[in-house]
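Accompanying notes for the structure given below.
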Amino acid sequence: MARPATAAPAAAPEPAAAAKPRTLLELLAAGGRWRLQRDGQQTPFLDGSTQLAHARDTGLKALATWCSHSLGDAAVEMLETSAFAAATRGLTSLPYARLTWLAHLVGSDGQLEAGLDAGARYKLARWPQVERDFPKHFRIATAMMKAAGTVEEIAEASGAPLAEVANFINAYHSSGHIEVDGAAGRRSH
């Protein structure tokens, strides 16, 4: 007696391609070794295993454009260890923590990031490394060391624009320098 033909087993579904990171913060969290390229900008290399970025110029202003917008049309390429080593030979390096700080500083367009309450009071827990590239930060930091305040109160005390105070809070909150006292009670990062 003939057996009925059996259907071939269904092919295993193709693994979904990993979503391309949309921002530098997503790329930093993804791990791996990456090269970023975009016309008119320097090419940084990111190493998730050492938590270092490598570039010809690791000054914060030179890297700010990578931190301030979506990666968009940038060529984001994962590199093998040997290719990465060859490409980064002779470049200077910068810890991921500094890039993370910079991405929070320039990536929020003067608005407090999600999770930070506009009505909360913010105070510096300790004096931060103030960058000479951002001269108003010294005045903002001084005001925030003296007393906790809302974004508006800090702006008034420091003479800095509201947007710059919000960016400062975002950046230093990401590095653990900010204490937050809000309606839900005191918490620190």
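Starting from 1 in every chain, residues are counted up; chains themselves are A, B, ... following the order of the structure tokens, and ligands are numbered from 1 as listed.
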Pick out the residues sitting within 9 Å of A:Phe168, and hand them over as a list in words; count only C-alpha atoms, and ignore anything fewer than 3 positions along from it in its own chain.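 The filter keeps His104, Leu105, Gly110, His137, Ile140, Ala141, Ala163, Glu164, Val165, Ala171, Tyr172 and His173 of chain A.
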Let's have the selection written as a tab-separated table (two decimals), in the first residue's frame, with N, CA and C atoms.
chain	number	residue	atom	x	y	z
A	104	HIS	N	24.12	62.91	25.74
A	104	HIS	CA	23.02	63.44	26.55
A	104	HIS	C	23.03	64.97	26.55
A	105	LEU	N	24.20	65.57	26.45
A	105	LEU	CA	24.29	67.03	26.45
A	105	LEU	C	23.74	67.63	25.16
A	110	GLY	N	17.70	70.94	24.18
A	110	GLY	CA	17.27	71.88	25.20
A	110	GLY	C	16.07	71.46	26.01
A	137	HIS	N	28.86	76.24	31.64
A	137	HIS	CA	28.69	75.13	32.57
A	137	HIS	C	29.25	75.42	33.95
A	140	ILE	N	26.53	77.26	35.74
A	140	ILE	CA	25.41	76.36	36.06
A	140	ILE	C	25.80	75.45	37.21
A	141	ALA	N	27.01	74.88	37.15
A	141	ALA	CA	27.48	73.98	38.21
A	141	ALA	C	27.56	74.71	39.55
A	163	ALA	N	17.41	76.24	27.96
A	163	ALA	CA	17.81	75.08	27.15
A	163	ALA	C	19.18	74.56	27.56
A	164	GLU	N	20.09	75.46	27.86
A	164	GLU	CA	21.43	75.03	28.26
A	164	GLU	C	21.41	74.36	29.63
A	165	VAL	N	20.57	74.85	30.53
A	165	VAL	CA	20.43	74.21	31.84
A	165	VAL	C	19.84	72.81	31.69
A	171	ALA	N	23.02	65.73	30.78
A	171	ALA	CA	24.37	65.19	30.68
A	171	ALA	C	24.89	64.72	32.03
A	172	TYR	N	24.76	65.56	33.03
A	172	TYR	CA	25.32	65.20	34.33
A	172	TYR	C	24.44	64.21	35.09
A	173	HIS	N	23.18	64.12	34.76
A	173	HIS	CA	22.34	63.06	35.31
A	173	HIS	C	22.83	61.71	34.78
Contacts of A:Trp101 at 12 Å or less, counting only C-alpha atoms, minus same-chain residues fewer than 4 places along, as a PyMOL selection string? chain A and resi 24-25+28+60+63-64+67-68+94-97+105-108+128-131+167-177
Would you save the residues of that selection, restricted to C-alpha atoms, as a short mmCIF file (atom, residue, chain, number, x, y, z; two decimals), in the first residue's frame?
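The result, stored in again-v8.cif:
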data_model
loop_
_atom_site.label_atom_id
_atom_site.label_comp_id
_atom_site.auth_asym_id
_atom_site.auth_seq_id
_atom_site.Cartn_x
_atom_site.Cartn_y
_atom_site.Cartn_z
CA LEU A 24 25.07 56.89 19.06
CA LEU A 25 23.71 55.91 22.49
CA LEU A 28 27.36 52.33 22.38
CA LEU A 60 34.20 66.93 22.34
CA LEU A 63 32.55 64.43 18.03
CA ALA A 64 29.41 66.43 18.84
CA CYS A 67 26.06 62.66 19.27
CA SER A 68 23.46 65.23 18.38
CA LEU A 94 38.17 58.63 24.60
CA PRO A 95 36.19 56.64 27.21
CA TYR A 96 32.60 55.75 26.34
CA ALA A 97 31.50 57.61 29.49
CA LEU A 105 24.29 67.03 26.45
CA VAL A 106 23.78 67.73 22.76
CA GLY A 107 21.11 65.21 21.82
CA SER A 108 18.10 66.57 23.66
CA PRO A 128 31.76 67.60 37.85
CA GLN A 129 34.55 67.81 35.33
CA VAL A 130 33.55 71.07 33.64
CA GLU A 131 34.55 71.25 29.99
CA ASN A 167 21.07 69.96 28.50
CA PHE A 168 23.47 70.28 31.46
CA ILE A 169 21.04 68.36 33.71
CA ASN A 170 20.61 65.62 31.10
CA ALA A 171 24.37 65.19 30.68
CA TYR A 172 25.32 65.20 34.33
CA HIS A 173 22.34 63.06 35.31
CA SER A 174 23.67 60.41 32.90
CA SER A 175 27.04 60.49 34.68
CA GLY A 176 25.54 60.25 38.17
CA HIS A 177 26.34 63.79 39.31
#
Would you mind listing what lies within 12 Å of A:Gln37 as a PDB file with N, CA and C atoms, in the first residue's frame, with only C-alpha atoms counted and same-chain residues fewer than 2 positions away left out?
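out.pdb written:
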ATOM      1  N   TRP A  34      32.920  49.081  15.880  1.00  0.00           N
ATOM      2  CA  TRP A  34      32.208  49.771  14.804  1.00  0.00           C
ATOM      3  C   TRP A  34      33.045  50.888  14.190  1.00  0.00           C
ATOM      4  N   ARG A  35      32.802  51.115  12.906  1.00  0.00           N
ATOM      5  CA  ARG A  35      33.332  52.294  12.217  1.00  0.00           C
ATOM      6  C   ARG A  35      32.125  53.107  11.759  1.00  0.00           C
ATOM      7  N   ASP A  39      29.996  61.663   5.029  1.00  0.00           N
ATOM      8  CA  ASP A  39      30.716  62.697   4.279  1.00  0.00           C
ATOM      9  C   ASP A  39      30.857  63.963   5.109  1.00  0.00           C
ATOM     10  N   GLY A  40      32.060  64.514   5.102  1.00  0.00           N
ATOM     11  CA  GLY A  40      32.304  65.780   5.769  1.00  0.00           C
ATOM     12  C   GLY A  40      32.564  65.678   7.263  1.00  0.00           C
ATOM     13  N   GLN A  41      32.583  64.477   7.812  1.00  0.00           N
ATOM     14  CA  GLN A  41      32.849  64.318   9.244  1.00  0.00           C
ATOM     15  C   GLN A  41      34.003  63.348   9.434  1.00  0.00           C
ATOM     16  N   GLN A  42      34.681  63.500  10.561  1.00  0.00           N
ATOM     17  CA  GLN A  42      35.740  62.544  10.844  1.00  0.00           C
ATOM     18  C   GLN A  42      35.135  61.170  11.133  1.00  0.00           C
ATOM     19  N   THR A  43      35.941  60.147  11.038  1.00  0.00           N
ATOM     20  CA  THR A  43      35.484  58.776  11.215  1.00  0.00           C
ATOM     21  C   THR A  43      35.880  58.271  12.597  1.00  0.00           C
ATOM     22  N   PRO A  44      34.915  58.131  13.509  1.00  0.00           N
ATOM     23  CA  PRO A  44      35.240  57.530  14.804  1.00  0.00           C
ATOM     24  C   PRO A  44      35.077  56.008  14.747  1.00  0.00           C
ATOM     25  N   PHE A  45      35.803  55.339  15.610  1.00  0.00           N
ATOM     26  CA  PHE A  45      35.732  53.891  15.760  1.00  0.00           C
ATOM     27  C   PHE A  45      35.339  53.608  17.200  1.00  0.00           C
ATOM     28  N   LEU A  46      34.391  52.715  17.411  1.00  0.00           N
ATOM     29  CA  LEU A  46      33.880  52.416  18.747  1.00  0.00           C
ATOM     30  C   LEU A  46      34.202  50.974  19.105  1.00  0.00           C
ATOM     31  N   ALA A  55      39.563  58.129  17.484  1.00  0.00           N
ATOM     32  CA  ALA A  55      39.396  59.061  16.369  1.00  0.00           C
ATOM     33  C   ALA A  55      40.663  59.890  16.226  1.00  0.00           C
ATOM     34  N   THR A  65      28.764  66.242  16.487  1.00  0.00           N
ATOM     35  CA  THR A  65      27.775  65.983  15.434  1.00  0.00           C
ATOM     36  C   THR A  65      27.333  64.528  15.419  1.00  0.00           C
ATOM     37  N   TRP A  66      28.198  63.608  15.841  1.00  0.00           N
ATOM     38  CA  TRP A  66      27.803  62.198  15.921  1.00  0.00           C
ATOM     39  C   TRP A  66      26.832  61.974  17.069  1.00  0.00           C
ATOM     40  N   LEU A  71      21.793  58.599  13.572  1.00  0.00           N
ATOM     41  CA  LEU A  71      22.878  58.177  12.687  1.00  0.00           C
ATOM     42  C   LEU A  71      22.438  58.239  11.232  1.00  0.00           C
ATOM     43  N   GLY A  72      21.147  58.139  11.002  1.00  0.00           N
ATOM     44  CA  GLY A  72      20.579  58.337   9.671  1.00  0.00           C
ATOM     45  C   GLY A  72      21.333  57.645   8.562  1.00  0.00           C
ATOM     46  N   ASP A  73      21.885  58.449   7.652  1.00  0.00           N
ATOM     47  CA  ASP A  73      22.535  57.902   6.469  1.00  0.00           C
ATOM     48  C   ASP A  73      23.995  57.527   6.692  1.00  0.00           C
ATOM     49  N   ALA A  74      24.459  57.598   7.910  1.00  0.00           N
ATOM     50  CA  ALA A  74      25.854  57.254   8.180  1.00  0.00           C
ATOM     51  C   ALA A  74      26.094  55.778   7.886  1.00  0.00           C
ATOM     52  N   ALA A  75      27.265  55.494   7.381  1.00  0.00           N
ATOM     53  CA  ALA A  75      27.659  54.105   7.193  1.00  0.00           C
ATOM     54  C   ALA A  75      28.149  53.597   8.543  1.00  0.00           C
ATOM     55  N   VAL A  76      27.436  52.648   9.086  1.00  0.00           N
ATOM     56  CA  VAL A  76      27.790  52.048  10.370  1.00  0.00           C
ATOM     57  C   VAL A  76      28.211  50.623  10.057  1.00  0.00           C
ATOM     58  N   GLU A  77      29.481  50.335  10.282  1.00  0.00           N
ATOM     59  CA  GLU A  77      30.014  49.036   9.886  1.00  0.00           C
ATOM     60  C   GLU A  77      30.690  48.355  11.065  1.00  0.00           C
ATOM     61  N   MET A  78      30.307  47.095  11.320  1.00  0.00           N
ATOM     62  CA  MET A  78      30.966  46.317  12.355  1.00  0.00           C
ATOM     63  C   MET A  78      32.255  45.752  11.760  1.00  0.00           C
TER      64      MET A  78
END
Using only C-alpha atoms for the distances, tell me which of A:Ile154, A:Leu27, A:Ala160, A:Ala53 is nearest to A:Thr92.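 Ranking A:Ile154, A:Leu27, A:Ala160, A:Ala53 by distance to A:Thr92, first place goes to A:Ala53.
Closest to A:Ala62 among A:Arg121, A:Asp133, A:Ala86, A:Met144 is A:Asp133, based on only C-alpha atoms.
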Record the distance separating atom CA of A:Arg22 and atom CA of A:Gln51, expressed in Å with one decimal.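 Distance reported for this atom pair: 18.9 Å.
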